[in-house]
$ cat start16.cif   # mmCIF, C-alpha atoms
data_start
loop_
_atom_site.label_atom_id
_atom_site.label_comp_id
_atom_site.auth_asym_id
_atom_site.auth_seq_id
_atom_site.Cartn_x
_atom_site.Cartn_y
_atom_site.Cartn_z
CA MET A 1 100.86 106.92 120.37
CA ALA A 2 99.83 110.54 119.89
CA PRO A 3 100.86 112.13 116.58
CA ARG A 4 103.78 114.54 116.86
CA LYS A 5 105.46 117.06 114.64
CA THR A 6 107.95 115.11 112.56
CA HIS A 7 109.61 116.91 109.69
CA PRO A 8 108.58 115.07 106.52
CA LEU A 9 112.20 115.13 105.31
CA VAL A 10 112.64 112.06 107.52
CA TRP A 11 110.10 110.12 105.43
CA LEU A 12 111.75 111.31 102.21
CA LEU A 13 115.16 109.97 103.23
CA ALA A 14 113.94 106.76 104.83
CA ILE A 15 112.07 105.54 101.76
CA VAL A 16 114.91 106.23 99.28
CA PRO A 17 116.12 102.56 99.32
CA PHE A 18 112.61 101.42 98.38
CA GLY A 19 112.60 103.60 95.27
CA ALA A 20 116.25 103.03 94.38
CA VAL A 21 115.85 99.24 94.21
CA GLY A 22 112.97 99.72 91.80
CA GLY A 23 114.99 102.23 89.76
CA PHE A 24 117.96 99.90 89.51
CA THR A 25 115.71 97.11 88.24
CA GLY A 26 113.54 99.23 85.99
CA VAL A 27 116.31 101.33 84.44
CA VAL A 28 119.75 99.74 84.83
CA LEU A 29 118.78 96.11 84.26
CA ALA A 30 116.04 97.01 81.78
CA TYR A 31 118.39 99.15 79.69
CA LEU A 32 121.17 96.57 79.68
CA ALA A 33 118.81 93.64 79.05
CA THR A 34 118.53 93.93 75.26
CA GLN A 35 122.24 94.80 75.04
CA ARG A 36 123.09 91.52 76.77
CA GLY A 37 121.02 89.27 74.51
CA LEU A 38 117.60 89.38 76.22
CA THR A 39 114.33 90.13 74.43
CA VAL A 40 112.07 93.08 75.29
CA GLU A 41 109.66 90.66 76.97
CA GLU A 42 112.49 89.09 79.02
CA GLY A 43 113.60 92.57 80.10
CA ALA A 44 110.03 93.32 81.15
CA SER A 45 109.98 90.04 83.10
CA LEU A 46 112.81 91.34 85.31
CA ILE A 47 110.67 94.34 86.21
CA ALA A 48 107.68 92.05 86.78
CA ALA A 49 109.77 89.89 89.13
CA GLY A 50 110.46 93.00 91.18
CA MET A 51 106.82 94.04 91.20
CA LEU A 52 105.48 90.63 92.20
CA PRO A 53 106.18 90.96 95.96
CA HIS A 54 104.47 94.35 95.91
CA THR A 55 101.23 92.89 94.58
CA GLY A 56 100.89 90.42 97.45
CA LYS A 57 102.64 92.20 100.31
CA PHE A 58 99.44 92.70 102.27
CA LEU A 59 99.68 88.96 103.06
CA TRP A 60 102.72 89.47 105.30
CA ALA A 61 101.98 93.04 106.41
CA PRO A 62 100.36 91.73 109.66
CA LEU A 63 103.79 90.39 110.66
CA VAL A 64 105.16 93.93 110.66
CA ASP A 65 102.19 95.21 112.63
CA MET A 66 102.22 92.39 115.19
CA THR A 67 105.82 91.28 115.76
CA LEU A 68 108.88 93.53 115.97
CA SER A 69 108.84 97.28 116.47
CA ARG A 70 108.84 99.49 113.37
CA ARG A 71 112.43 100.60 114.04
CA THR A 72 113.68 97.00 114.24
CA TRP A 73 111.88 96.04 111.05
CA TYR A 74 113.40 99.03 109.30
CA ALA A 75 116.94 98.20 110.43
CA ILE A 76 116.68 94.57 109.25
CA SER A 77 115.07 95.50 105.94
CA SER A 78 117.55 98.27 105.21
CA ALA A 79 120.48 95.91 105.71
CA LEU A 80 118.89 93.29 103.43
CA CYS A 81 118.29 95.91 100.72
CA ALA A 82 121.94 97.01 100.90
CA VAL A 83 123.20 93.45 100.50
CA GLY A 84 120.59 92.67 97.85
CA ILE A 85 121.41 95.53 95.51
CA LEU A 86 125.07 94.55 95.71
CA ALA A 87 124.06 91.07 94.52
CA MET A 88 121.92 92.52 91.73
CA ALA A 89 124.87 94.55 90.48
CA ALA A 90 127.41 91.73 90.79
CA ILE A 91 125.55 88.98 88.90
CA PRO A 92 126.35 89.14 85.15
CA LEU A 93 123.25 89.92 83.11
CA GLY A 94 122.45 87.53 80.25
CA PRO A 95 120.27 84.62 79.13
CA ASP A 96 122.19 82.16 81.33
CA THR A 97 121.60 84.19 84.52
CA LEU A 98 118.05 85.35 83.78
CA HIS A 99 116.38 82.91 86.17
CA LEU A 100 118.88 83.61 88.97
CA LEU A 101 118.41 87.35 88.55
CA ARG A 102 114.66 87.00 88.74
CA ILE A 103 115.03 85.19 92.08
CA VAL A 104 117.43 87.81 93.44
CA ILE A 105 115.26 90.69 92.24
CA PHE A 106 112.19 89.10 93.82
CA THR A 107 114.03 88.58 97.13
CA VAL A 108 115.42 92.12 97.31
CA ASN A 109 112.00 93.57 96.56
CA LEU A 110 110.57 91.36 99.28
CA ALA A 111 112.90 93.19 101.68
CA THR A 112 111.78 96.57 100.34
CA THR A 113 108.18 95.67 101.16
CA THR A 114 108.93 95.31 104.88
CA LEU A 115 111.11 98.43 104.79
CA GLY A 116 108.19 100.36 103.35
CA MET A 117 105.78 98.89 105.89
CA ALA A 118 108.02 99.97 108.77
CA ILE A 119 108.12 103.56 107.53
CA GLU A 120 104.42 103.63 106.68
CA GLY A 121 103.64 102.47 110.22
CA GLN A 122 105.85 105.17 111.72
CA MET A 123 104.38 107.80 109.43
CA ALA A 124 100.78 106.89 110.25
CA HIS A 125 101.47 107.05 114.00
CA LEU A 126 103.82 110.04 114.12
CA THR A 127 102.04 112.38 111.70
CA ALA A 128 99.20 114.64 112.78
CA PRO A 129 96.01 114.22 110.68
CA GLU A 130 96.27 117.70 109.19
CA ASP A 131 99.81 116.96 107.97
CA ARG A 132 99.13 113.61 106.26
CA GLY A 133 98.72 115.01 102.75
CA ARG A 134 102.01 116.89 103.05
CA ALA A 135 103.74 113.87 104.57
CA GLY A 136 102.51 111.76 101.68
CA GLY A 137 104.05 114.18 99.20
CA TRP A 138 107.47 114.09 100.89
CA PHE A 139 107.26 110.31 101.28
CA GLN A 140 106.63 109.79 97.58
CA ALA A 141 109.26 112.40 96.71
CA GLY A 142 111.78 110.13 98.44
CA ASN A 143 110.40 107.05 96.72
CA LEU A 144 110.50 108.62 93.26
CA GLY A 145 113.72 110.52 93.87
CA GLY A 146 115.26 107.24 95.01
CA ASN A 147 113.98 105.66 91.81
CA GLY A 148 115.89 108.29 89.85
CA ILE A 149 119.03 107.75 91.91
CA GLY A 150 118.90 103.97 91.55
CA GLY A 151 118.13 104.28 87.86
CA GLY A 152 120.19 107.22 86.58
CA LEU A 153 123.13 107.18 88.95
CA GLY A 154 123.02 103.39 88.97
CA LEU A 155 123.19 103.26 85.17
CA TRP A 156 126.10 105.68 85.05
CA MET A 157 128.03 103.71 87.68
CA ALA A 158 127.20 100.35 86.07
CA THR A 159 128.65 101.49 82.75
CA GLN A 160 131.52 103.69 83.97
CA LEU A 161 133.01 102.13 87.11
CA PRO A 162 135.74 99.47 86.72
CA ALA A 163 133.61 96.61 88.09
CA PRO A 164 129.80 96.19 88.00
CA TRP A 165 129.54 95.32 91.71
CA MET A 166 130.83 98.78 92.66
CA SER A 167 127.53 100.44 91.74
CA GLY A 168 125.72 98.13 94.14
CA ALA A 169 128.25 98.82 96.90
CA VAL A 170 127.83 102.61 96.59
CA LEU A 171 124.04 102.38 96.55
CA GLY A 172 124.01 99.94 99.47
CA ALA A 173 126.08 102.34 101.61
CA ALA A 174 123.70 105.17 100.69
CA PHE A 175 120.74 103.03 101.80
CA LEU A 176 122.18 102.64 105.28
CA ALA A 177 122.92 106.37 105.57
CA CYS A 178 119.40 107.38 104.52
CA GLY A 179 117.87 105.39 107.37
CA VAL A 180 119.72 107.14 110.20
CA PRO A 181 117.10 109.93 110.79
CA ALA A 182 114.25 107.41 110.96
CA MET A 183 116.19 105.36 113.50
CA LEU A 184 116.36 108.42 115.77
CA LEU A 185 112.57 108.86 115.91
CA PRO A 186 110.47 107.55 118.81
CA ASP A 187 109.87 103.87 118.19
CA VAL A 188 106.41 102.62 117.28
CA PRO A 189 105.79 99.33 119.11
CA ARG A 190 104.12 96.30 117.62
CA GLU A 191 100.35 96.05 117.72
CA GLY A 192 99.64 92.80 119.49
CA SER A 193 96.39 91.07 120.26
CA ARG A 194 95.21 89.39 123.45
CA ARG A 195 93.67 86.71 121.28
CA GLY A 196 97.04 85.63 119.86
CA PRO A 197 98.35 85.82 116.31
CA VAL A 198 95.26 84.28 114.70
CA GLY A 199 92.97 86.60 116.62
CA ALA A 200 95.13 89.55 115.64
CA VAL A 201 94.82 88.67 111.97
CA VAL A 202 91.04 88.38 112.38
CA ASP A 203 90.97 91.81 114.01
CA LEU A 204 92.99 93.30 111.17
CA VAL A 205 90.79 91.73 108.51
CA GLN A 206 87.66 93.00 110.24
CA ASP A 207 89.20 96.46 110.55
CA PHE A 208 90.05 96.61 106.86
CA TRP A 209 86.72 95.10 105.85
CA GLY A 210 85.04 97.88 107.76
CA ILE A 211 86.96 100.38 105.65
CA VAL A 212 86.13 98.90 102.24
CA ARG A 213 82.45 98.52 103.13
CA SER A 214 82.21 102.28 103.41
CA ALA A 215 81.63 104.29 100.25
CA ASN A 216 84.96 106.11 100.52
CA GLY A 217 86.90 102.94 101.31
CA PHE A 218 85.38 101.01 98.42
CA LEU A 219 86.10 103.79 95.94
CA ALA A 220 89.65 104.14 97.24
CA ALA A 221 90.25 100.41 96.74
CA LEU A 222 88.71 100.49 93.26
CA ILE A 223 90.75 103.43 91.99
CA CYS A 224 93.95 101.75 93.22
CA PHE A 225 93.21 98.62 91.18
CA LEU A 226 92.32 100.37 87.93
CA PRO A 227 95.03 101.26 85.34
CA ILE A 228 95.03 104.96 86.25
CA GLY A 229 98.28 106.91 86.60
CA THR A 230 100.44 103.78 86.75
CA GLY A 231 103.60 105.17 85.17
CA ALA A 232 104.14 101.68 83.71
CA ALA A 233 105.55 102.97 80.40
CA THR A 234 108.74 104.09 82.16
CA GLY A 235 110.18 100.59 82.37
CA VAL A 236 109.46 99.88 78.70
CA LEU A 237 110.91 103.19 77.51
CA ALA A 238 114.09 102.50 79.50
CA GLN A 239 115.02 99.46 77.39
CA SER A 240 117.79 100.30 74.92
CA GLU A 241 116.03 98.71 71.94
CA ILE A 242 112.90 100.81 72.54
CA ALA A 243 114.74 104.04 73.34
CA ALA A 244 116.68 103.64 70.08
CA LYS A 245 113.45 104.03 68.12
CA TRP A 246 113.54 107.70 69.20
CA GLY A 247 117.26 107.85 68.43
CA ALA A 248 117.94 107.86 72.19
CA GLY A 249 120.95 106.16 73.72
CA GLU A 250 122.46 105.66 77.16
CA ALA A 251 122.80 109.39 77.84
CA GLU A 252 119.16 110.14 77.02
CA VAL A 253 117.87 107.13 78.98
CA GLY A 254 119.99 108.15 81.96
CA LEU A 255 118.61 111.68 81.72
CA VAL A 256 114.97 110.70 81.41
CA ASN A 257 115.12 107.92 84.02
CA GLY A 258 117.91 109.26 86.21
CA VAL A 259 118.61 111.88 88.81
CA LEU A 260 116.99 114.72 86.86
CA ALA A 261 113.83 112.67 86.40
CA GLY A 262 113.99 111.78 90.09
CA VAL A 263 114.15 115.46 91.02
CA ILE A 264 111.24 116.26 88.70
CA MET A 265 109.18 113.39 90.14
CA ALA A 266 110.04 114.56 93.65
CA VAL A 267 108.92 118.11 92.85
CA GLY A 268 105.75 116.73 91.30
CA SER A 269 105.15 114.65 94.39
CA LEU A 270 105.65 117.62 96.73
CA ALA A 271 103.26 119.65 94.58
CA GLY A 272 100.78 116.78 94.64
CA GLY A 273 100.96 116.65 98.42
CA GLU A 274 100.13 120.35 98.66
CA ILE A 275 97.25 119.98 96.20
CA CYS A 276 95.87 117.10 98.26
CA LYS A 277 95.66 119.43 101.26
CA ARG A 278 93.12 121.49 99.33
CA VAL A 279 91.41 118.97 97.02
CA ALA A 280 90.22 115.45 97.86
CA PRO A 281 93.07 113.03 96.99
CA ARG A 282 90.64 110.74 95.14
CA VAL A 283 89.73 113.59 92.78
CA VAL A 284 93.40 114.49 92.32
CA TYR A 285 94.27 110.85 91.58
CA ALA A 286 91.69 110.59 88.78
CA ALA A 287 92.63 113.98 87.31
CA VAL A 288 96.33 113.10 87.29
CA GLY A 289 95.51 109.80 85.56
CA ALA A 290 93.84 111.75 82.74
CA LEU A 291 96.85 114.05 82.56
CA MET A 292 99.22 111.07 82.28
CA ALA A 293 97.13 109.60 79.47
CA GLY A 294 97.32 112.97 77.72
CA VAL A 295 101.11 113.02 78.01
CA ALA A 296 101.30 109.52 76.52
CA MET A 297 99.09 110.55 73.61
CA ALA A 298 101.17 113.68 72.93
CA MET A 299 104.39 111.67 72.97
CA ALA A 300 102.87 109.13 70.57
CA ALA A 301 101.84 111.89 68.15
CA ALA A 302 105.18 113.73 68.24
CA PRO A 303 108.12 112.92 65.92
CA THR A 304 110.30 110.02 67.10
CA THR A 305 113.38 112.12 67.91
CA PRO A 306 115.68 112.29 70.94
CA THR A 307 114.10 115.64 71.84
CA THR A 308 110.65 114.02 71.99
CA PHE A 309 112.04 111.17 74.07
CA ILE A 310 113.56 113.60 76.61
CA ALA A 311 110.67 116.08 76.75
CA GLY A 312 108.01 113.37 76.85
CA GLY A 313 109.90 111.30 79.39
CA LEU A 314 110.43 114.23 81.76
CA ALA A 315 106.79 115.34 81.45
CA TYR A 316 105.78 111.76 82.20
CA ALA A 317 108.05 111.82 85.26
CA ALA A 318 106.42 114.99 86.60
CA VAL A 319 102.93 113.52 86.27
CA THR A 320 104.10 110.27 87.90
CA GLY A 321 105.17 112.29 90.93
CA LEU A 322 101.73 113.88 91.16
CA ALA A 323 100.08 110.44 90.89
CA TYR A 324 102.13 108.86 93.65
CA ALA A 325 101.51 111.75 96.05
CA ALA A 326 97.77 111.55 95.38
CA PHE A 327 97.86 107.81 96.08
CA THR A 328 99.59 108.22 99.45
CA GLY A 329 97.29 111.06 100.50
CA LEU A 330 94.29 108.94 99.50
CA VAL A 331 95.43 105.94 101.53
CA LEU A 332 96.46 107.87 104.65
CA GLU A 333 93.11 109.66 104.55
CA THR A 334 91.29 106.32 104.33
CA ILE A 335 93.10 103.99 106.77
CA GLY A 336 93.62 105.93 110.03
CA ALA A 337 96.41 104.82 112.40
CA GLY A 338 95.48 101.34 113.65
CA ALA A 339 97.20 98.37 111.94
CA ALA A 340 98.67 100.92 109.55
CA ALA A 341 101.17 98.65 107.80
CA THR A 342 98.52 96.07 106.97
CA LYS A 343 95.88 98.49 105.76
CA TYR A 344 98.29 100.69 103.83
CA ASN A 345 99.78 97.70 102.07
CA VAL A 346 96.47 96.23 101.03
CA PHE A 347 95.92 99.46 99.13
CA ALA A 348 99.54 99.46 97.93
CA SER A 349 99.18 95.89 96.68
CA LEU A 350 96.05 96.88 94.81
CA SER A 351 97.86 99.85 93.22
CA ASN A 352 100.88 97.74 92.25
CA THR A 353 98.70 95.21 90.46
CA PRO A 354 97.91 97.55 87.51
CA ILE A 355 101.57 98.62 87.36
CA THR A 356 102.51 94.96 86.94
CA TYR A 357 99.88 93.96 84.40
CA MET A 358 100.26 97.20 82.45
CA GLY A 359 104.04 96.75 82.28
CA LEU A 360 103.64 93.32 80.70
CA LEU A 361 100.82 94.52 78.45
CA LEU A 362 102.84 97.50 77.21
CA ALA A 363 105.87 95.29 76.49
CA SER A 364 103.66 93.15 74.25
CA ALA A 365 102.05 96.24 72.72
CA VAL A 366 105.39 97.77 71.73
CA THR A 367 106.38 94.50 70.03
CA ALA A 368 103.08 94.33 68.14
CA TRP A 369 102.42 97.98 67.30
CA GLY A 370 105.61 99.89 67.97
CA PRO A 371 106.32 102.72 70.46
CA ALA A 372 103.37 104.90 69.41
CA GLY A 373 100.97 101.96 69.71
CA MET A 374 102.35 101.19 73.16
CA LEU A 375 101.79 104.76 74.36
CA LEU A 376 98.28 104.87 72.90
CA THR A 377 97.52 101.55 74.62
CA GLU A 378 98.49 103.07 77.96
CA ALA A 379 96.43 106.20 77.29
CA GLY A 380 93.40 104.15 76.29
CA ALA A 381 93.64 101.99 79.41
CA GLY A 382 93.93 105.10 81.58
CA PHE A 383 90.84 106.77 80.12
CA ALA A 384 88.89 103.49 80.35
CA GLY A 385 89.85 103.17 84.02
CA ILE A 386 88.73 106.72 84.77
CA ALA A 387 85.41 106.15 83.02
CA LEU A 388 84.80 102.98 85.05
CA PHE A 389 85.67 104.81 88.26
CA LEU A 390 83.26 107.65 87.48
CA VAL A 391 80.46 105.16 86.82
CA ALA A 392 81.22 103.33 90.08
CA THR A 393 81.26 106.63 91.98
CA ALA A 394 77.84 107.58 90.62
CA VAL A 395 76.41 104.17 91.56
CA VAL A 396 77.88 104.20 95.06
CA ARG A 397 76.71 107.75 95.77
CA ARG A 398 73.18 106.79 94.77
CA ARG A 399 73.13 103.48 96.70
CA PRO A 400 75.65 103.76 99.56
CA ALA A 401 73.68 101.32 101.73
CA ALA A 402 74.43 98.48 99.32
CA LEU A 403 78.05 98.33 100.49
CA ALA A 404 77.07 97.89 104.13
CA ALA A 405 74.59 95.11 103.42
#
$ encode --input "start16.cif" --output "structure tokens"
Amino acid sequence: MAPRKTHPLVWLLAIVPFGAVGGFTGVVLAYLATQRGLTVEEGASLIAAGMLPHTGKFLWAPLVDMTLSRRTWYAISSALCAVGILAMAAIPLGPDTLHLLRIVIFTVNLATTTLGMAIEGQMAHLTAPEDRGRAGGWFQAGNLGGNGIGGGLGLWMATQLPAPWMSGAVLGAAFLACGVPAMLLPDVPREGSRRGPVGAVVDLVQDFWGIVRSANGFLAALICFLPIGTGAATGVLAQSEIAAKWGAGEAEVGLVNGVLAGVIMAVGSLAGGEICKRVAPRVVYAAVGALMAGVAMAMAAAPTTPTTFIAGGLAYAAVTGLAYAAFTGLVLETIGAGAAATKYNVFASLSNTPITYMGLLLASAVTAWGPAGMLLTEAGAGFAGIALFLVATAVVRRRPAALAA
């Protein structure tokens, strides 16, 4: 299908449910966790349960490429996300329901993976090559803005509405509304194979292997796996016990992780998309990772006051938006259009792996060394990742033939 002019606002709206589910888990449930008798590590485990499907989603991405059309996959996934967030809001949070909530969170995030794949497939096919950096910025603006809506608005509704399930009902209805523009686009059919499902998987694997054997593909995969620009501290800072160390309460957490933060991340993402039109996304990604590490260090050095919590959290949100836009521009630049859902989600799985392991690492770090130690741990990991990437880049540029051997 030939690329066409599609206003990137469509991608922004369509991906909002993806981000909002993550925001509800990472802010609402994380904040309430320690209030309802859970430990910091148990609160972090809820976030990890949500991230787990995103680390392995490339395994089922071929199903989205090969079976139903992208529009059908989106419709099914959107409905599952709406029902799932209602369940997440309705189940009482506490030690007795921890295991059940982990299962529900995992399942809902499983649905968000196929929703994202459907939109990524549409975006890859319906966006002209020269517009991919800009499309990536709008796409991540919707993801991160949705994260702010699910987190900030979700937290306000969860604590202010008469019944907890009402927040899930409102968000679920919003999910369905956000998908309407995407459903009106030309459909992108499945990508079958004359050799049957097994042959199709082989074709996809060979296609992706061809990408990572190139110098650019290998470096793109490596930078996605390293702990650069992960934004993983957000979920730890959202927990009430941790926020209290800065003197921050529900209002401050809602501000830093809510709609305002979502808007700031969205603006950062749009700016990142424009930057990626002029500078190679891989370079932007590494530079933004260094900037995020710098923000973490500054927040660690500043006094532990509510003002520091708000200013540092919002600065962190802006840099997160830049990082996500650089990631999407990098991947779209690398994968092309064929088997887009599979190839995009291999890279996405790689990038979600450091978010998962850094989230768990930072939860342990804050218990061992306090908030400043946690932030310095993140900064140190970021700088180490950048250093490793620079070394790998130098080696690959000197011996590019080694990858094709």
$ closest_residue --input "start16.cif" --among "A:Ile91, A:Ala348, A:Ile228, A:Val21" --to "His54 (chain A)" --atoms "all atoms listed in the file"
A:Ala348
$ closest_residue --input "start16.cif" --among "A:Leu63, A:Ala325, A:Ala379, A:Leu388" --to "Ala233 (chain A)" --atoms "all atoms listed in the file"
A:Ala379
$ residues_near_point --input "start16.cif" --point "(116.7, 93.6, 83.3)" --cutoff "9 Å" --atoms "all atoms listed in the file" --output "list in words"
Phe24, Thr25, Gly26, Val27, Val28, Leu29, Ala30, Tyr31, Leu32, Ala33, Thr34, Leu38, Glu42, Gly43, Ala44, Ser45, Leu46, Ile47, Leu93, Gly94, Leu98, Leu101, Arg102 and Gln239 of chain A
$ resolve_selection --input "start16.cif" --expression "the PyMOL selection byres ((chain A and resi 23) around 9)" --output "VMD selection string"
chain A and resid 18 to 22 24 to 28 144 146 to 152 154 235 257 to 258
$ write_last_selection --input "start16.cif" --atoms "C-alpha atoms" --output "PDB file, in the coordinates of the input"
ATOM      1  CA  PHE A  18     112.610 101.420  98.380  1.00  0.00           C
ATOM      2  CA  GLY A  19     112.600 103.600  95.270  1.00  0.00           C
ATOM      3  CA  ALA A  20     116.250 103.030  94.380  1.00  0.00           C
ATOM      4  CA  VAL A  21     115.850  99.240  94.210  1.00  0.00           C
ATOM      5  CA  GLY A  22     112.970  99.720  91.800  1.00  0.00           C
ATOM      6  CA  PHE A  24     117.960  99.900  89.510  1.00  0.00           C
ATOM      7  CA  THR A  25     115.710  97.110  88.240  1.00  0.00           C
ATOM      8  CA  GLY A  26     113.540  99.230  85.990  1.00  0.00           C
ATOM      9  CA  VAL A  27     116.310 101.330  84.440  1.00  0.00           C
ATOM     10  CA  VAL A  28     119.750  99.740  84.830  1.00  0.00           C
ATOM     11  CA  LEU A 144     110.500 108.620  93.260  1.00  0.00           C
ATOM     12  CA  GLY A 146     115.260 107.240  95.010  1.00  0.00           C
ATOM     13  CA  ASN A 147     113.980 105.660  91.810  1.00  0.00           C
ATOM     14  CA  GLY A 148     115.890 108.290  89.850  1.00  0.00           C
ATOM     15  CA  ILE A 149     119.030 107.750  91.910  1.00  0.00           C
ATOM     16  CA  GLY A 150     118.900 103.970  91.550  1.00  0.00           C
ATOM     17  CA  GLY A 151     118.130 104.280  87.860  1.00  0.00           C
ATOM     18  CA  GLY A 152     120.190 107.220  86.580  1.00  0.00           C
ATOM     19  CA  GLY A 154     123.020 103.390  88.970  1.00  0.00           C
ATOM     20  CA  GLY A 235     110.180 100.590  82.370  1.00  0.00           C
ATOM     21  CA  ASN A 257     115.120 107.920  84.020  1.00  0.00           C
ATOM     22  CA  GLY A 258     117.910 109.260  86.210  1.00  0.00           C
TER      23      GLY A 258
END
$ residues_near_point --input "start16.cif" --point "(110.9, 96.6, 108.0)" --cutoff "10 Å" --atoms "only C-alpha atoms" --output "PDB file with C-alpha atoms, in the coordinates of the input"
ATOM      1  CA  ALA A  61     101.980  93.040 106.410  1.00  0.00           C
ATOM      2  CA  LEU A  63     103.790  90.390 110.660  1.00  0.00           C
ATOM      3  CA  VAL A  64     105.160  93.930 110.660  1.00  0.00           C
ATOM      4  CA  ASP A  65     102.190  95.210 112.630  1.00  0.00           C
ATOM      5  CA  LEU A  68     108.880  93.530 115.970  1.00  0.00           C
ATOM      6  CA  SER A  69     108.840  97.280 116.470  1.00  0.00           C
ATOM      7  CA  ARG A  70     108.840  99.490 113.370  1.00  0.00           C
ATOM      8  CA  ARG A  71     112.430 100.600 114.040  1.00  0.00           C
ATOM      9  CA  THR A  72     113.680  97.000 114.240  1.00  0.00           C
ATOM     10  CA  TRP A  73     111.880  96.040 111.050  1.00  0.00           C
ATOM     11  CA  TYR A  74     113.400  99.030 109.300  1.00  0.00           C
ATOM     12  CA  ALA A  75     116.940  98.200 110.430  1.00  0.00           C
ATOM     13  CA  ILE A  76     116.680  94.570 109.250  1.00  0.00           C
ATOM     14  CA  SER A  77     115.070  95.500 105.940  1.00  0.00           C
ATOM     15  CA  SER A  78     117.550  98.270 105.210  1.00  0.00           C
ATOM     16  CA  ALA A  79     120.480  95.910 105.710  1.00  0.00           C
ATOM     17  CA  LEU A  80     118.890  93.290 103.430  1.00  0.00           C
ATOM     18  CA  ALA A 111     112.900  93.190 101.680  1.00  0.00           C
ATOM     19  CA  THR A 112     111.780  96.570 100.340  1.00  0.00           C
ATOM     20  CA  THR A 113     108.180  95.670 101.160  1.00  0.00           C
ATOM     21  CA  THR A 114     108.930  95.310 104.880  1.00  0.00           C
ATOM     22  CA  LEU A 115     111.110  98.430 104.790  1.00  0.00           C
ATOM     23  CA  GLY A 116     108.190 100.360 103.350  1.00  0.00           C
ATOM     24  CA  MET A 117     105.780  98.890 105.890  1.00  0.00           C
ATOM     25  CA  ALA A 118     108.020  99.970 108.770  1.00  0.00           C
ATOM     26  CA  ILE A 119     108.120 103.560 107.530  1.00  0.00           C
ATOM     27  CA  GLU A 120     104.420 103.630 106.680  1.00  0.00           C
ATOM     28  CA  GLY A 121     103.640 102.470 110.220  1.00  0.00           C
ATOM     29  CA  ALA A 341     101.170  98.650 107.800  1.00  0.00           C
TER      30      ALA A 341
END
$ resolve_selection --input "start16.cif" --expression "the PyMOL selection byres ((chain A and resi 242-253) around 7)" --output "list in words"
Leu237, Ala238, Gln239, Ser240, Glu241, Gly254, Leu255, Val256, Asn257, Thr304, Thr305, Pro306, Phe309 and Ile310 of chain A
$ resolve_selection --input "start16.cif" --expression "the PyMOL selection byres ((chain A and resi 226) around 9)" --output "PyMOL selection string"
chain A and resi 222-225+227-230+350-351+353-354+381-382+384-386+388-389
$ residues_around --input "start16.cif" --residues "Ser167 (chain A)" --least-positions-apart "2" --cutoff "7 Å" --atoms "all atoms listed in the file" --output "VMD selection string"
chain A and resid 89 154 157 to 158 164 to 165 169 to 171
$ atom_distance --input "start16.cif" --atom1 "CA of Val236 (chain A)" --atom2 "CA of Leu361 (chain A)"
10.2 Å
$ atom_distance --input "start16.cif" --atom1 "CA of Val205 (chain A)" --atom2 "CA of Arg190 (chain A)"
16.8 Å
$ atom_distance --input "start16.cif" --atom1 "CA of Leu155 (chain A)" --atom2 "CA of Gly373 (chain A)"
27.1 Å
$ closest_residue --input "start16.cif" --among "A:Val346, A:Val108, A:Leu270, A:Leu161" --to "Phe139 (chain A)" --atoms "all atoms listed in the file"
A:Leu270
$ residues_around --input "start16.cif" --residues "Leu12 (chain A)" --least-positions-apart "5" --cutoff "8 Å" --atoms "all atoms listed in the file" --output "CSV table (one decimal) with C-alpha atoms, in the frame of the given file"
chain,number,residue,atom,x,y,z
A,138,TRP,CA,107.5,114.1,100.9
A,139,PHE,CA,107.3,110.3,101.3
A,140,GLN,CA,106.6,109.8,97.6
A,141,ALA,CA,109.3,112.4,96.7
A,142,GLY,CA,111.8,110.1,98.4
A,143,ASN,CA,110.4,107.0,96.7
$ residues_around --input "start16.cif" --residues "Leu13 (chain A)" --least-positions-apart "6" --cutoff "8 Å" --atoms "all atoms listed in the file" --output "PDB file with C-alpha atoms, in the coordinates of the input"
ATOM      1  CA  GLY A 142     111.780 110.130  98.440  1.00  0.00           C
ATOM      2  CA  CYS A 178     119.400 107.380 104.520  1.00  0.00           C
ATOM      3  CA  GLY A 179     117.870 105.390 107.370  1.00  0.00           C
ATOM      4  CA  PRO A 181     117.100 109.930 110.790  1.00  0.00           C
TER       5      PRO A 181
END
$ closest_residue --input "start16.cif" --among "A:Met297, A:Val40, A:Ile103, A:Ala261" --to "Thr367 (chain A)" --atoms "all atoms listed in the file"
A:Val40
$ closest_residue --input "start16.cif" --among "A:Ala232, A:Met299, A:Thr6, A:Cys276" --to "Pro186 (chain A)" --atoms "all atoms listed in the file"
A:Thr6
$ closest_residue --input "start16.cif" --among "A:Leu375, A:Leu100, A:Leu86, A:Val395" --to "Ala174 (chain A)" --atoms "only C-alpha atoms"
A:Leu86
$ closest_atom_pairs --input "start16.cif" --of "region 300-371 of chain A" --to "region 262-265 of chain A" --cutoff "6 Å" --atoms "only C-alpha atoms" --output "tab-separated table"
residue	atom	partner	partner_atom	distance
A:Ala317	CA	A:Met265	CA	5.2
A:Ala318	CA	A:Met265	CA	4.8
A:Gly321	CA	A:Met265	CA	4.2
